[in-house]
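For reference, protein-v9.csv is printed below; it contains CSV, C-alpha atoms and all ligand atoms.
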```
chain,number,residue,atom,x,y,z
A,1,MET,CA,0.0,0.0,0.0
A,2,MET,CA,1.3,3.4,-0.9
A,3,ASP,CA,1.8,5.6,2.1
A,4,ILE,CA,0.8,9.2,2.2
A,5,TRP,CA,4.3,10.5,1.7
A,6,ASN,CA,4.8,8.4,-1.5
A,7,PHE,CA,1.4,9.6,-2.7
A,8,THR,CA,2.4,13.2,-2.0
A,9,VAL,CA,5.6,12.8,-4.1
A,10,GLN,CA,3.6,11.2,-6.9
A,11,PHE,CA,1.1,14.1,-6.8
A,12,HIS,CA,3.8,16.8,-6.8
A,13,GLY,CA,5.9,15.1,-9.5
A,14,HIS,CA,9.2,15.1,-7.7
A,15,GLU,CA,10.8,14.8,-4.3
A,16,CYS,CA,12.2,18.0,-2.8
A,17,ASN,CA,12.7,19.8,0.5
A,18,GLY,CA,9.8,22.2,-0.1
A,19,LEU,CA,7.5,19.2,-0.4
A,20,ARG,CA,9.0,17.7,2.8
A,21,TRP,CA,8.3,20.9,4.7
A,22,GLY,CA,4.8,21.1,3.5
A,23,TYR,CA,4.1,17.4,4.4
A,24,LYS,CA,5.6,17.9,7.8
A,25,VAL,CA,3.7,21.1,8.5
A,26,ALA,CA,0.4,19.5,7.5
A,27,THR,CA,0.9,16.3,9.6
A,28,PHE,CA,2.0,18.5,12.5
A,29,ALA,CA,-1.1,20.7,12.2
A,30,LEU,CA,-3.4,17.7,12.2
A,31,GLU,CA,-1.7,16.4,15.3
A,32,LYS,CA,-2.0,19.8,17.0
A,33,LEU,CA,-5.6,20.2,16.1
A,34,LYS,CA,-6.2,16.5,17.1
A,35,ILE,CA,-7.8,15.7,13.7
A,36,ASP,CA,-7.9,12.2,12.3
A,37,LYS,CA,-6.9,12.2,8.7
A,38,SER,CA,-9.7,9.8,7.8
A,39,SER,CA,-12.4,12.0,9.3
A,40,ASP,CA,-14.4,14.2,6.9
A,41,GLU,CA,-14.0,17.2,9.1
A,42,GLU,CA,-13.7,20.3,7.2
A,43,LEU,CA,-10.4,22.1,7.5
A,44,VAL,CA,-9.3,25.4,6.1
A,45,ALA,CA,-5.7,26.2,5.3
A,46,ILE,CA,-4.2,29.6,4.7
A,47,VAL,CA,-0.8,29.4,3.0
A,48,GLU,CA,1.5,32.4,2.9
A,49,ASN,CA,3.6,31.2,-0.1
A,50,ASP,CA,3.0,29.3,-3.3
A,51,SER,CA,6.1,27.0,-3.1
A,52,CYS,CA,6.3,23.2,-3.4
A,53,ALA,CA,5.3,22.9,0.2
A,54,VAL,CA,1.7,23.8,-0.6
A,55,ASP,CA,1.3,20.5,-2.5
A,56,GLY,CA,2.2,18.6,0.6
A,57,ILE,CA,-0.4,20.5,2.5
A,58,GLN,CA,-3.1,19.8,-0.1
A,59,VAL,CA,-2.5,16.1,-0.1
A,60,VAL,CA,-2.2,15.6,3.6
A,61,THR,CA,-5.0,17.9,4.8
A,62,GLY,CA,-7.4,17.6,1.8
A,63,CYS,CA,-7.5,21.4,1.7
A,64,THR,CA,-7.4,22.2,-2.0
A,65,PHE,CA,-7.6,25.3,-4.2
A,66,GLY,CA,-10.6,23.9,-6.1
A,67,LYS,CA,-12.6,23.2,-3.0
A,68,GLY,CA,-12.0,26.7,-1.8
A,69,ASN,CA,-10.6,25.7,1.6
A,70,LEU,CA,-7.0,26.5,0.6
A,71,ILE,CA,-6.4,30.2,0.7
A,72,PHE,CA,-3.3,31.8,-0.7
A,73,ARG,CA,-1.8,34.9,0.7
A,74,ASP,CA,1.1,36.2,-1.4
A,75,TYR,CA,3.4,37.1,1.5
A,76,GLY,CA,6.4,35.0,0.7
A,77,LYS,CA,6.5,33.5,4.2
A,78,HIS,CA,6.8,29.9,5.4
A,79,ALA,CA,3.7,30.4,7.5
A,80,TYR,CA,0.6,28.2,7.5
A,81,THR,CA,-2.7,28.7,9.3
A,82,PHE,CA,-5.1,25.9,9.8
A,83,PHE,CA,-8.7,26.1,11.1
A,84,SER,CA,-11.1,23.3,12.1
A,85,ARG,CA,-14.6,24.4,10.9
A,86,LYS,CA,-16.1,22.1,13.5
A,87,THR,CA,-14.4,23.4,16.6
A,88,GLY,CA,-13.4,26.8,15.3
A,89,GLU,CA,-9.9,26.2,16.6
A,90,GLY,CA,-7.0,27.6,14.6
A,91,ILE,CA,-3.3,27.6,14.7
A,92,ARG,CA,-0.5,29.4,12.7
A,93,ILE,CA,2.6,27.4,12.2
A,94,THR,CA,5.9,29.0,11.2
A,95,ARG,CA,9.3,27.5,10.7
A,96,ARG,CA,11.9,28.2,13.3
A,97,LYS,CA,14.8,30.3,12.0
A,98,GLU,CA,17.4,27.9,13.2
A,99,PHE,CA,16.7,24.3,12.5
A,100,ASP,CA,18.4,21.1,11.4
A,101,THR,CA,17.2,20.3,7.9
A,102,LYS,CA,19.0,17.0,7.6
A,103,ASP,CA,15.9,14.9,8.1
A,104,ILE,CA,12.7,17.0,7.9
A,105,LEU,CA,10.3,14.1,7.7
A,106,SER,CA,11.5,12.4,10.9
A,107,ALA,CA,12.2,15.6,12.9
A,108,ASN,CA,10.2,16.4,16.0
A,109,GLY,CA,7.6,19.0,14.9
A,110,ASP,CA,7.9,20.9,18.2
A,111,GLU,CA,11.5,21.4,17.6
A,112,ILE,CA,11.3,22.8,14.1
A,113,PHE,CA,8.1,24.8,14.2
A,114,ASP,CA,6.6,27.6,16.2
A,115,VAL,CA,2.9,27.5,16.9
A,116,SER,CA,0.9,30.7,17.5
A,117,GLU,CA,-2.6,32.1,17.3
A,118,PRO,CA,-4.0,32.7,13.8
A,119,LYS,CA,-3.4,36.3,12.5
A,120,GLU,CA,-6.8,36.4,10.8
A,121,ASP,CA,-10.3,35.1,11.5
A,122,MET,CA,-11.5,31.8,10.1
A,123,PRO,CA,-12.5,32.5,6.4
A,124,LYS,CA,-16.2,32.4,5.7
A,125,THR,CA,-17.5,29.5,3.6
A,126,ALA,CA,-17.5,30.1,-0.1
A,127,ARG,CA,-20.8,31.6,-1.4
A,128,ILE,CA,-22.3,31.8,-4.8
A,129,HIS,CA,-22.2,35.2,-6.3
A,130,LYS,CA,-23.9,36.5,-9.4
A,131,SER,CA,-21.8,37.5,-12.4
A,132,ILE,CA,-21.5,40.9,-14.0
A,133,GLU,CA,-20.3,41.6,-17.6
A,134,CYS,CA,-17.1,43.5,-17.9
A,135,ALA,CA,-17.6,46.7,-19.9
A,136,LYS,CA,-14.2,46.3,-21.7
A,137,CYS,CA,-13.7,42.6,-22.5
A,138,GLY,CA,-17.3,41.5,-22.3
A,139,GLU,CA,-16.5,38.5,-20.1
A,140,MET,CA,-18.6,37.6,-17.1
A,141,ALA,CA,-16.9,37.9,-13.7
A,142,MET,CA,-18.1,37.3,-10.2
A,143,GLU,CA,-19.6,40.5,-8.7
A,144,THR,CA,-17.1,40.5,-5.8
A,145,ARG,CA,-14.3,40.7,-8.5
A,146,ILE,CA,-15.7,43.7,-10.3
A,147,LYS,CA,-14.2,47.2,-10.0
A,148,ILE,CA,-15.9,50.4,-11.0
A,149,PHE,CA,-13.8,52.9,-13.0
A,150,ASP,CA,-15.2,55.9,-14.9
A,151,SER,CA,-18.7,54.6,-14.0
A,152,GLN,CA,-18.1,51.3,-15.8
A,153,TYR,CA,-18.0,47.8,-14.4
A,154,LEU,CA,-14.6,46.2,-15.1
A,155,CYS,CA,-13.0,42.8,-14.4
A,156,TYR,CA,-9.7,42.8,-12.5
A,157,PRO,CA,-7.4,42.3,-15.5
A,158,CYS,CA,-9.1,45.1,-17.5
A,159,TYR,CA,-9.0,47.4,-14.5
A,160,ASP,CA,-5.4,46.6,-13.9
A,161,LYS,CA,-4.6,47.1,-17.6
A,162,ILE,CA,-6.1,50.6,-17.5
A,163,MET,CA,-4.3,51.5,-14.3
A,164,SER,CA,-0.9,50.3,-15.6
A,165,ASP,CA,-1.4,52.0,-18.9
A,166,GLN,CA,-2.0,55.3,-17.1
A,167,HIS,CA,0.9,54.7,-14.8
A,168,LEU,CA,3.2,53.9,-17.7
A,169,TYR,CA,2.2,57.0,-19.5
A,170,LEU,CA,3.1,59.2,-16.5
A,171,ASN,CA,6.5,57.5,-16.1
A,172,THR,CA,7.6,57.2,-19.7
A,173,PRO,CA,10.5,59.5,-20.8
A,174,LEU,CA,8.3,60.5,-23.7
A,175,ALA,CA,5.8,62.1,-21.3
A,176,LYS,CA,8.6,63.8,-19.4
A,177,ASN,CA,10.1,65.1,-22.6
A,178,GLY,CA,6.7,66.3,-23.7
A,179,GLU,CA,6.4,68.2,-20.4
A,180,LYS,CA,9.9,69.7,-20.8
A,181,ASN,CA,9.2,70.8,-24.4
A,182,GLY,CA,5.9,72.3,-23.3
A,183,ASN,CA,7.7,74.4,-20.8
A,184,SER,CA,10.5,75.7,-23.0
B,201,ZN,ZN,9.1,20.6,-5.4
B,202,ZN,ZN,-12.6,42.6,-18.6
```

Would you write out, as structure tokens, the structure that this file holds?
Ligand SMILES: [Zn+2]
Ligand SMILES: [Zn+2]
Amino acid sequence: MMDIWNFTVQFHGHECNGLRWGYKVATFALEKLKIDKSSDEELVAIVENDSCAVDGIQVVTGCTFGKGNLIFRDYGKHAYTFFSRKTGEGIRITRRKEFDTKDILSANGDEIFDVSEPKEDMPKTARIHKSIECAKCGEMAMETRIKIFDSQYLCYPCYDKIMSDQHLYLNTPLAKNGEKNGNS
């Protein structure tokens, strides 16, 4: 029978230290929250990076991007928060700054991780939202992902494009030259 670690490697596609860290964090979190892997208890994971480690967390905890119980915060930190929906209990796990990485998988979690209170509240369960048509590209986007600019509804990419185009214009040498020419 394939154990969870081997399955994690198969899922990820290669064996690496990032994956080992993710697997270790996830098994440590289940232990701390006293959750049995075979139970269908709903967990929520908030990951503060998008490294190989996150695949370990998806396999071990069952928190996946598609199910909406894996939340990504782009902070570039080796920090992971887990909540049990049933008990409301949550923990945030970070890597210690000084650790022995020789054997991550068999290390004692209490020696390589720090456990603290979550830095944010438990995320609300995913809700269904209606879609709104973007005035620029015509595609439909969830209403919570619509921005209003110049009294038009815009999807995020179209809104960002407009913002960056304006920003670029203000910062191009051409614009500066134009200003200089105008003054002389
Ligand atoms: Zn990897
Ligand atoms: Zn659009």

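Atom CA of Lys77 of chain A sits 14.3 Å away from atom CA of Ala45 of chain A.
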
Give as JSON, numbers by chain every residue, naming chains and numbers as the document does, that has an atom within 10 Å of (1.4, 28.3, 21.9), counting only C-alpha atoms.
{"A": [91, 92, 93, 114, 115, 116, 117]}

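When the distance limit is 9 Å and all atoms listed in the file are what count, the residues near segment 109-113 of chain A, minus those fewer than 5 positions from it on the same chain, are A:Lys24, A:Val25, A:Thr27, A:Phe28, A:Ile93, A:Thr94, A:Arg95, A:Arg96, A:Lys97, A:Glu98, A:Phe99, A:Asp100, A:Thr101, A:Ile104.
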
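Where the distance criterion is 10 Å and the atoms used are all atoms listed in the file, the residues close to ligand ZN 202 (chain B) are Glu133, Cys134, Ala135, Lys136, Cys137, Gly138, Glu139, Met140, Ala141, Ile146, Lys147, Tyr153, Leu154, Cys155, Tyr156, Pro157, Cys158, Tyr159, Asp160 and Lys161 of chain A.
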
Top pick for closest residue to Val59 of chain A, considering A:Asn17, A:Ser106, A:Thr81, A:Gln10 and counting all atoms listed in the file:
A:Gln10

Find the residues near Asn6 of chain A: any atom within 12 Å, counting all atoms listed in the file, skip ones fewer than 4 places away on the same chain, and give them as number ranges by chain.
A: 1-2, 10-15, 19-20, 23, 56, 59-60

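Point (-23.8, 34.4, -7.1) has the following residues at most 12 Å away: Ala126, Arg127, Ile128, His129, Lys130, Ser131, Ile132, Met140, Ala141, Met142, Glu143, Thr144 and Arg145 of chain A (atoms considered: only C-alpha atoms).
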
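For the choices A:Thr61, A:Asn108, A:Ser51, A:Ser84, the atom-to-atom distance to ligand ZN 201 (chain B) is smallest for A:Ser51 when using all atoms listed in the file.
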
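Among the candidates A:Asp121, A:Asp55, A:Asp36, A:Glu48, the residue lying nearest to ligand ZN 201 (chain B) is A:Asp55 (atoms considered: all atoms listed in the file).
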
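Between atom CA of Phe65 of chain A and atom CA of Lys34 of chain A the separation is 23.1 Å.
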
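Of the residues under consideration (A:Val47, A:Ala29, A:Met163, A:Ile148), A:Val47 shows the shortest atom-to-atom contact distance to Tyr75 of chain A when counting all atoms listed in the file.
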
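You can rank A:Gly66, A:Cys52, A:Thr8, A:Asp3 by their closest distance to ligand ZN 201 (chain B) using all atoms listed in the file, and at the top of that list sits A:Cys52.
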
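Between atom CA of Lys124 of chain A and atom CA of Tyr80 of chain A lies a distance of 17.4 Å.
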
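The smallest atom-to-atom distance between Gly90 of chain A and any of A:Pro118, A:Gly68, A:Gly62, A:Gly18, using only C-alpha atoms, is found for A:Pro118.
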
Complete segment 128-158 of chain A at the level of N, CA and C atoms, written as a short mmCIF file (atom, residue, chain, number, x, y, z; two decimals), in the frame of the given file.
```cif
data_model
loop_
_atom_site.label_atom_id
_atom_site.label_comp_id
_atom_site.auth_asym_id
_atom_site.auth_seq_id
_atom_site.Cartn_x
_atom_site.Cartn_y
_atom_site.Cartn_z
N ILE A 128 -22.06 31.58 -3.39
CA ILE A 128 -22.30 31.80 -4.80
C ILE A 128 -22.64 33.24 -5.04
N HIS A 129 -21.95 33.84 -5.98
CA HIS A 129 -22.20 35.20 -6.30
C HIS A 129 -22.73 35.32 -7.75
N LYS A 130 -23.48 36.36 -8.02
CA LYS A 130 -23.90 36.50 -9.40
C LYS A 130 -22.76 37.12 -10.22
N SER A 131 -22.85 36.98 -11.52
CA SER A 131 -21.80 37.50 -12.40
C SER A 131 -22.23 38.75 -13.10
N ILE A 132 -21.26 39.57 -13.37
CA ILE A 132 -21.50 40.90 -14.00
C ILE A 132 -20.60 40.92 -15.27
N GLU A 133 -21.12 41.51 -16.34
CA GLU A 133 -20.30 41.60 -17.60
C GLU A 133 -19.35 42.77 -17.49
N CYS A 134 -18.10 42.50 -17.86
CA CYS A 134 -17.10 43.50 -17.90
C CYS A 134 -17.32 44.45 -19.09
N ALA A 135 -17.27 45.75 -18.87
CA ALA A 135 -17.60 46.70 -19.90
C ALA A 135 -16.47 46.71 -21.02
N LYS A 136 -15.30 46.20 -20.69
CA LYS A 136 -14.20 46.30 -21.70
C LYS A 136 -14.05 44.97 -22.46
N CYS A 137 -13.90 43.85 -21.77
CA CYS A 137 -13.70 42.60 -22.50
C CYS A 137 -14.94 41.81 -22.74
N GLY A 138 -16.01 42.16 -22.07
CA GLY A 138 -17.30 41.50 -22.30
C GLY A 138 -17.43 40.15 -21.58
N GLU A 139 -16.39 39.72 -20.85
CA GLU A 139 -16.50 38.50 -20.10
C GLU A 139 -17.24 38.67 -18.81
N MET A 140 -17.86 37.57 -18.35
CA MET A 140 -18.60 37.60 -17.10
C MET A 140 -17.61 37.39 -15.94
N ALA A 141 -17.75 38.14 -14.86
CA ALA A 141 -16.90 37.90 -13.70
C ALA A 141 -17.78 38.04 -12.44
N MET A 142 -17.41 37.28 -11.41
CA MET A 142 -18.10 37.30 -10.20
C MET A 142 -18.22 38.71 -9.61
N GLU A 143 -19.38 39.09 -9.11
CA GLU A 143 -19.60 40.50 -8.70
C GLU A 143 -18.62 40.99 -7.65
N THR A 144 -18.09 40.07 -6.86
CA THR A 144 -17.10 40.50 -5.80
C THR A 144 -15.74 40.74 -6.47
N ARG A 145 -15.62 40.45 -7.77
CA ARG A 145 -14.30 40.70 -8.50
C ARG A 145 -14.52 41.72 -9.58
N ILE A 146 -15.41 42.64 -9.34
CA ILE A 146 -15.70 43.70 -10.30
C ILE A 146 -15.25 45.03 -9.69
N LYS A 147 -14.57 45.85 -10.48
CA LYS A 147 -14.20 47.20 -10.00
C LYS A 147 -14.92 48.21 -10.85
N ILE A 148 -15.18 49.34 -10.24
CA ILE A 148 -15.90 50.40 -11.00
C ILE A 148 -14.84 51.49 -11.28
N PHE A 149 -14.72 51.83 -12.56
CA PHE A 149 -13.80 52.90 -13.00
C PHE A 149 -14.54 53.71 -14.05
N ASP A 150 -14.58 55.02 -13.90
CA ASP A 150 -15.20 55.90 -14.90
C ASP A 150 -16.68 55.41 -15.11
N SER A 151 -17.35 55.12 -14.03
CA SER A 151 -18.70 54.60 -14.00
C SER A 151 -18.95 53.35 -14.88
N GLN A 152 -17.91 52.54 -15.06
CA GLN A 152 -18.10 51.30 -15.80
C GLN A 152 -17.64 50.11 -14.93
N TYR A 153 -18.34 48.98 -15.12
CA TYR A 153 -18.00 47.80 -14.40
C TYR A 153 -16.82 47.10 -15.16
N LEU A 154 -15.74 46.82 -14.46
CA LEU A 154 -14.60 46.20 -15.10
C LEU A 154 -14.11 44.98 -14.32
N CYS A 155 -13.65 43.95 -15.05
CA CYS A 155 -13.00 42.80 -14.40
C CYS A 155 -11.64 43.22 -13.91
N TYR A 156 -11.06 42.44 -13.04
CA TYR A 156 -9.70 42.80 -12.50
C TYR A 156 -8.67 43.01 -13.57
N PRO A 157 -8.51 42.05 -14.51
CA PRO A 157 -7.40 42.30 -15.50
C PRO A 157 -7.64 43.54 -16.33
N CYS A 158 -8.87 43.84 -16.71
CA CYS A 158 -9.10 45.10 -17.50
C CYS A 158 -8.86 46.30 -16.66
#
```
